[in-house]
Every structure is written in C-alpha cells, then in structure tokens.
Amino acid sequence: MINFYSFKNKSYLISSILILSTIAIVFFKGLNLGIDFKGGLNFEIKTDLSKNQISQIFDDFDSSKEILIKKEIGSNVYTIRIESGDNNASLIEEIKIILNENANLEILLSEYIEPTFSDELIKNSIYALASSLFVIAFYVWIRFDWQFAASGIFALIHDVFIAIGFMSLFNIEFNLTMIAALLLIAGYSINDTIVLFDRLRSITSDENNKETFEFNVNNSIKLNLRRTILTSFTTVLALLCLVVLAPVNLTEMPIVFIFGVLIGTYSSIFLALGIVGDLNYEAVLKARDS
Amino acid sequence: MTIFKQWRLWFSLLLVMFCFYFIKPNFSDSPQDFKINFGLDIQGGYSYLLELNEEEYKQNLLIKISQALESSYDISSKIDEDFIYIPSNQNLEKLNNIIVQSLGLEIADQTSEGAFYNIITQYFNNSLSDMTLNAVEIVRSRIDFLGNKELSIQKIGLNKILLEIPGNLDNNVKEVISKTAKLTLHLEKNTFVNSKIFKNEETGEEIRVQEVPSLTGDYIQDASLQYNQNEPVVAFSFNKEGSDLFAQMTSDNVGVRFAIVLDGALITAPVIREAITGGSGQISGSFTNESANNLAIILKSGSLPTEITIIQEKQIGPTLGQEGVKKGVYASIIALIAITLFMIIYYKVSGLFTTFTIISCLALLFALMSLINTTLTLPGVIGIVLTIGMCVDANVLIFERIRENFKNNSENPKSEGFNAAYVTILDSNLTTLFAAVFLFAFGFGPIRGFSISLIIGILSSLIVTYIVLKLFINATPERLLGLKK
C-alpha cells in the first residue's frame, strides 16, 4: 500500500512553493482584469481581418485610451477591450460606428461597464466568495470535527488561490464568469475532501479498529482512490468537450476548471488528511476511545 | 413480482409524469406559465443597468425635510452638506423626539448655537428604494410608449434598475431612458438678482430668466408628436391644476418671452402672444420626427426623480447566443455519450443505469427550471454540465461502495453500500448546495445564472440517485449488476 500520509511534509513543501509562486506572479504580473472589474468597453467581433488590420481601425481613435485586441482560440472572433472613464456609455455608439465603417465584420457583442460600478462588482464578488466559504466551513464544522473544517477550508482556499495564480500566469481574463469558475473549483475541492473525511470518520469510529492513525488515513485514501480518479477523469472528460466546443467567450472557464480539478484532487489526497493529522485529530480519537 | 411493491417504482412514474407535464410547455409556442426563459446572452438583445443618483436624491430629500420644518413647525433650518442645521435662536418647543424621528432625522452634533441633524440611514434607504420603484414605472412606461412590450425590468439593490429587452436594438431606447426629463418654464427676467441664463447648445440662443420656474412638467398630462406647417412639434396638455397655473402665467405676462427648459438646456424661448386658457401648447424647435416623438414620450411618462446614469450596457447580437447554445448542446451531448460509454465499459450493467440516472436528472432539472420560470444563461449551461459531473460522481461513489461490500462479503452488499455512499453524497452535495445558495443571494449577473442551475441540479441529482438509481439497483440481481469480481 502506498503510504500517502508519509508524503505530507513533501506536499506541504510543494504547496508552499505553489502558494509563494502565486503571490509572486500576481504581485509582479498582476491579474488580467476584464471590464467587469475594471470598467470600460468590450467588443466581440467576427471578421476575416488580421489583428493588425483591426488595430489600424483604431488609429484615429483617442490614443490616450488603452486598447487591447485578442484573438479567441480557434475562431475568427476577436475581443477588443477599451479603457474608458466614468459616465461614458455613449462611447459604445461611437465605437460601433468606427467598427461598422469597416464593412467586413460582424459585431457579436458590445458592452460597457462604468468603472465605479465595477468597483461595486469587486466588492460584491468578494462578499459572495467569502460568505460561501463561511457557509462551507460552518457546515463541515457541524457535521465533522473542527480539525476537518479547518483543513477542508485550508485545502479549498489553497486550490482557489493557486487557480488564481494559474490565471495570472497564462494571462486569462479575470471576470465575473471566472468568479463562478473559482466557486466551482471551491465546490469541487470541498466535495472531494469531504468524501475522504467521511471515510476516515467511518473507519476510525469502528470500535474494532485498532490500527494506527497513519494506517487509517492511508486506508481511507486507498479505498477512495478509484472513485477519486474515476470522478476526476469523467469530469475532465466533460470539461474537455466544453473546451473544444464552448462558445468563444467561454472557452477559458473550462480550462481554468480542469486545472482546478487537478489541483483539487492533489490537495484532497496529499494535503487535507495530513493537516487533519497535524491538528492532532489522533488525540480526539484517543479521548473518544477511553 | 416484488418490484411492484417498491414505492420507488411508483414514485419514479410520478416523477416521469411531473417532468413530462412541466417540460412540455417549452415546446409549444403559446405563452405558458411554466417555461424556461432564455437569457439575453442566449437569445440576443440588450440590457441596461441604470443607476439613480443617490447624492442628488439625498439633497432633494433634505430640501423637502427642511421645507416641512418650515411649513409645519415654523422652524427655519439650513442645509449643510449632508446635514440639516437648526439654529437654536428660535422657538423649538415643537421639535420633540417624535417629530424629529417622524421626519426621518436623528441628531448628529449639538452646539450651543444649534444642532446638526442627519437622515436616519434606514429611513433614507427605504425612501431611496421607494423612489427607485417609482422610477421603474416611469422607465417602463417610456419603453412601452416606444412600442416594445417584451421587456423585463426590475429594481436591483436600492437605486439601480435592470432593463432587459430581447431582440433587435432600437436606438431610441437609450435616448429615452437616460433623460431625466425635467421640464421647466421660466419667465424672462432682465435683472441679475435671482436670475439665470439658459442656453440652447445647437442654435446658440440664450435667455436670462427667473431662477424659480413658473411651471414644471409635473403638471403635464399628455404629449404627442404633431406637425405644424410640416415641421414636427411636440404638443402637450396640462392637467387641471397645471392649466390654471398656465392660464394665470400667460394672462399676466402677455408680450413677455419665456423659456422652455429641459434638463437644464434651453429648447426654445417663445413670446407669449395671448393668454392661453385651454391648458395646452406646443413646443417647436429644431426637431426631427424621432427626437420630437422621444420628447413626447418622456414628457408624458413624467420626469425621473434624479439624474440617471447607464452604468452597464450590453448589446448582444443574435448569432453569438445561438452559436453558443448550439455548441453548448453539442458539448453536452458528446460529453454525455463519452461518459456513459466509459461507465458502461467500466461498470457494465450498472454503467447503463448511470445513463438512465443522468437522463432522469436532466429531465427533472429542466422540469424544475420550467416550474419556477428560470432564466437560462450560458453560465447556467456550464452549471448544468457540472451537475452531470456531480451525478456521475454519486453513481461512482455508490458503485464503488457496493463493489467493496461484495469483496468483504457483507450480508446485504447492495443496500448497505448504497446507504453508506449516500450519506457521503449528502454531505458533499449539501456543502456545495449551501455555498450555491449564498452565491445566488449575493452574486450578480452570470454568478446568479450559474448558481441557480447548480442549486436545481444538485437537488435533482440527489432525488434521482435516491429514487431512480436505487430502484434499478434493487431490482437487479446481485450477479447481474456487474460489480462483482
């Protein structure tokens, strides 16, 4: 039997490195904030023009404003992001006119968000994220012991945080949909972790079980290993279909989620039960036995 | 046959009927109560998030309170930023706590010379919220007058309005919703005291008039686009009170010019030729048909309580969503086939049960979505794909537990395995469910669309695994399940 529990110190090291790299990447590279969180204009156009030709369209446009043009993977759709000031909803019409003067394109989507409103959206998203984390911790704490709640929440934040680092590293746009993706990762991660917790709890609550804590942890992981692999596999399979076939503006979400599934599987196998052990759950069990 | 004694069988049949009943309306064209609506990102259309100016409203409210103090209690006061200042060198006997509270005020600071009051937050928020509801009706009637009936309009937060209109873009919408439409009539005044200059930006015309308007657009009852010598004009009529005021104003000032001002800009400044007693008049300016019609619409819908800002605007072409849905559906079908093939190869007969479970899960999900008239958005579609994943996970957990029980030679491997696994599934799914509920409560836009399908999806998955999957497992002899070595 593989001794998963003995890997815990190595995985602490790996996770520390991942967390520190995330901090470094986010600090130095920053997040590629979409207009949801930065305000501004966003256009999606379908055209056979090249990126250069598109940027030429904006040659005469206000040069003080930052304009980002990005080709969506595997399609002839481009995303154009333009900075704006407050109270500028009328810019949407101006830019549509500029774009339409060039007849060979179709505007699929145009969007404007007031910068002050995007500040509100940031607050709102943090609120939503924090409250759901709190609820998760509370539920796990009620159903299990606090060691599990602490470890589960740590694993979850670890996964979400590293996924943010992944987004920063690959310059993936951070927007409201990505908040949903992060929450998806949170949900998946806690799901995976709870299944293991549940196993450990049921194994250790058996009175005839005289094995060591380490053995019990390894046994819980081993008994669930097939399920963990199968579920991760089928989820990744479904997500791959989405990556290939998702609507152009949603391809990045499943990519981030696939990363989240992998990191979530890692954290529940190598991290979560290790932390429970280090929080001295053994003592709780011993106290219960006597 | 023992299978007919299983309550799960009858319940499954009920479930089938339930799904059929609620999914069916989605395929008919008739407007039905139980239907899934498609979000703008799927069917195309445009959405505006409007914000009413909170600061401006606060100032208006302060003025109103200050006027009430003056008229009802003979107390003079001054507005100082966000506060009402009441000097103490007057008779303040009437100003007891109950009155202060009923005016929505609370004391903020007191000196020997006077006291500063601010508006109680709760009172202000309620009042702001009421004002927004009122504005929702005004915006709704403006869009209705443009002839667009299929809109959805709702109040968001305290001072925001979300307007969603499916279909093609009507350029007038933006014009019509973003105007405050505060119409005022001012008499000309040639002295500098209490006077103000208004200017027409297009023609350059300027006029100095009394600062206080003689009449406001609040009295307007009806307005319409009409033609005067082939030129489009806006004809309007006042209500009874307005007619009287207008008659008085015009009869007292024959030969005087007056300014018609809209949202602080001069439209036109005609001369009063005679007393107008009929209570109607017309505004002529350099109008086009469209602009005259838009002005008529906003005049008859009434003015908005404050200035309005478009803080989010989305225009989604119809192709984007259709393409998205087509791809999303393909992705789901291919994912479904891939997963079920894999499950059948891996778990044999039990894998086939998974296929039925997933299909029932999706059916229940769509039925529930129709039942509560959910709006399905693209992030919602992703939520559904995740639901399939969770449903498969539940199946895998159950099968693995049963398989383990076979290996350990348990007494009742099927039902013990199912029950043990179901507790785990409940724990893990409920955590996600609670998180999703909070997401729905606090989230905005795509987050809400995603969380609602996640919530309904988790519930459906929990129900069908407990009923349909268990029915299949119970009804199948152990050796046929494909879980024994």
# chains A, B, ... in the order shown; residues from 1 in each chain; ligands from 1
$ select_by_dssp --residues "range 36-70 of chain B" --states "strand (DSSP E)" --output "list in words"
Asn37, Phe38, Gly45, Tyr46, Ser47, Tyr48, Leu49, Leu50, Glu51 and Leu52 of chain B
$ interface_residues --of "chain B" --to "chain A" --cutoff "8 Å" --atoms "only C-alpha atoms" --output "ChimeraX atom specification"
/B:309-320,323-325,327-328,330-332,334-336,338-339,379,385-386,389,392-393,396-397,400,424-425,427-429,431-432,434-436,438-439,441-447,450
$ atom_distance --atom1 "CA of Val464 in chain B" --atom2 "CA of Ser360 in chain B"
6.7 Å
$ residues_around --residues "Tyr347 in chain B" --least-positions-apart "3" --cutoff "12 Å" --atoms "only C-alpha atoms" --output "VMD selection string"
(chain A and resid 230) or (chain B and resid 339 to 344 350 to 355 395 to 396 398 to 400 402 to 403 480 to 485)
$ residues_around --residues "range 175-186 of chain B" --least-positions-apart "5" --cutoff "9 Å" --atoms "only C-alpha atoms" --output "VMD selection string"
chain B and resid 50 139 142 to 143 146 209 to 218 257 to 264 291 294 to 295 297 to 299 302 to 310
$ select_by_dssp --residues "range 1-243 of chain A" --states "helix (DSSP H, G or I)" --output "ChimeraX atom specification"
/A:4-29,35-38,51-57,91-100,115-143,146-169,176-204,213-243
$ residues_around --residues "range 104-118 of chain B" --least-positions-apart "3" --cutoff "9 Å" --atoms "only C-alpha atoms" --output "list in words"
Leu62, Ile65, Asp80, Asp82, Phe83, Ile84, Tyr85, Ile86, Pro87, Ser88, Asn89, Asn97, Ile99, Val100, Gln101, Thr121, Gln122, Tyr123 and Phe124 of chain B
$ atom_distance --atom1 "CA of Ala247 in chain B" --atom2 "CA of Asn194 in chain B"
23.6 Å
